[in-house]
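> Here it is: the structure, laid out below.
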Amino acid sequence: AYRLIPTILNVDENGPAKGLLEKGDLIKKVTLTVPEDARGAEESDGDDLEFDLANQEKEVSLENAFWEMQVHPRRIARLEISRNGKDMK
């Protein structure tokens, strides 16, 4: 068995994460939030989804979070990271 280490390898200098994420940041948690304008709407697909990647449970993984991002493309992805041993939101 194997487990991916959720590490930022590169940040697009023209992308939305520029200045927020850096190469080497460790992703600790991914939260997929339903946009405010979709809450309660039929297409909202339920509640926010949270993936605590520091948790070593098999079903809580970066792979699962990535899959959910594909299934729910309207959700807003929020990351909690660790940079040089310091937790950041």
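Lettering and numbering for the structure tokens are positional, with chains as A, B, ... in the shown order, residues counted from 1 in each chain, and ligands counted from 1 in the shown order.
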List as a PyMOL selection string the protein and nucleic acid residues near A:Thr31, meaning an atom at most 8 Å away when only C-alpha atoms are counted, but skip any in the same chain fewer than 6 places from it.

chain A and resi 48-51+76-79

> Identify all residues of chain A in alpha helix (DSSP H) (DSSP on the backbone) and supply them as a PyMOL selection string.

chain A and resi 62-71

> Find the spatial neighbours of stretch 14-23 of chain A, counting only C-alpha atoms, within a cut-off of 12 Å - ignore same-chain residues fewer than 4 positions away - and output them as a PyMOL selection string.

chain A and resi 6-10+27+77-84+88-89

> Using only C-alpha atoms for the distances, tell me which of A:Ile5, A:Glu13, A:Pro73, A:Lys29 is nearest to A:Asp52.

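Selected residue with least distance to A:Asp52: A:Lys29.
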
> With only C-alpha atoms as the basis for distance, which of A:Ala65, A:Leu4, A:Asp47, A:Gln70 is at the shortest distance from A:Pro35?

A:Asp47

> Please report the interatomic distance between atom CA of A:Lys28 and atom CA of A:Val71 in Å with one decimal.

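Here the two named atoms are 21.1 Å from each other.
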
> Which is closer to A:Arg74 than all the others in A:Val34, A:Leu26, A:Leu62, A:Val11, using only C-alpha atoms?

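Nearest to A:Arg74: A:Val34.
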
> Atom CA of A:Glu63 to atom CA of A:Asp25: how many Å, to one decimal?

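Atom CA of A:Glu63 sits 17.2 Å away from atom CA of A:Asp25.
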
> Step one, run DSSP on the backbone; step two, keep only residues of chain A assigned to strand (DSSP E); then write them as number ranges by chain.

A: 26-33, 49-52, 76-83, 86-88

> So how far away is atom CA of A:Asp12 from atom CA of A:Leu32, in Å?

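Interatomic distance here is 21.0 Å.
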
> From the options A:Gly24, A:Gly85, A:Glu68, A:Val30, which residue's atoms come nearest to A:Asn55, counting only C-alpha atoms?

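Of A:Gly24, A:Gly85, A:Glu68, A:Val30, the one nearest A:Asn55 is A:Val30, counting only C-alpha atoms.
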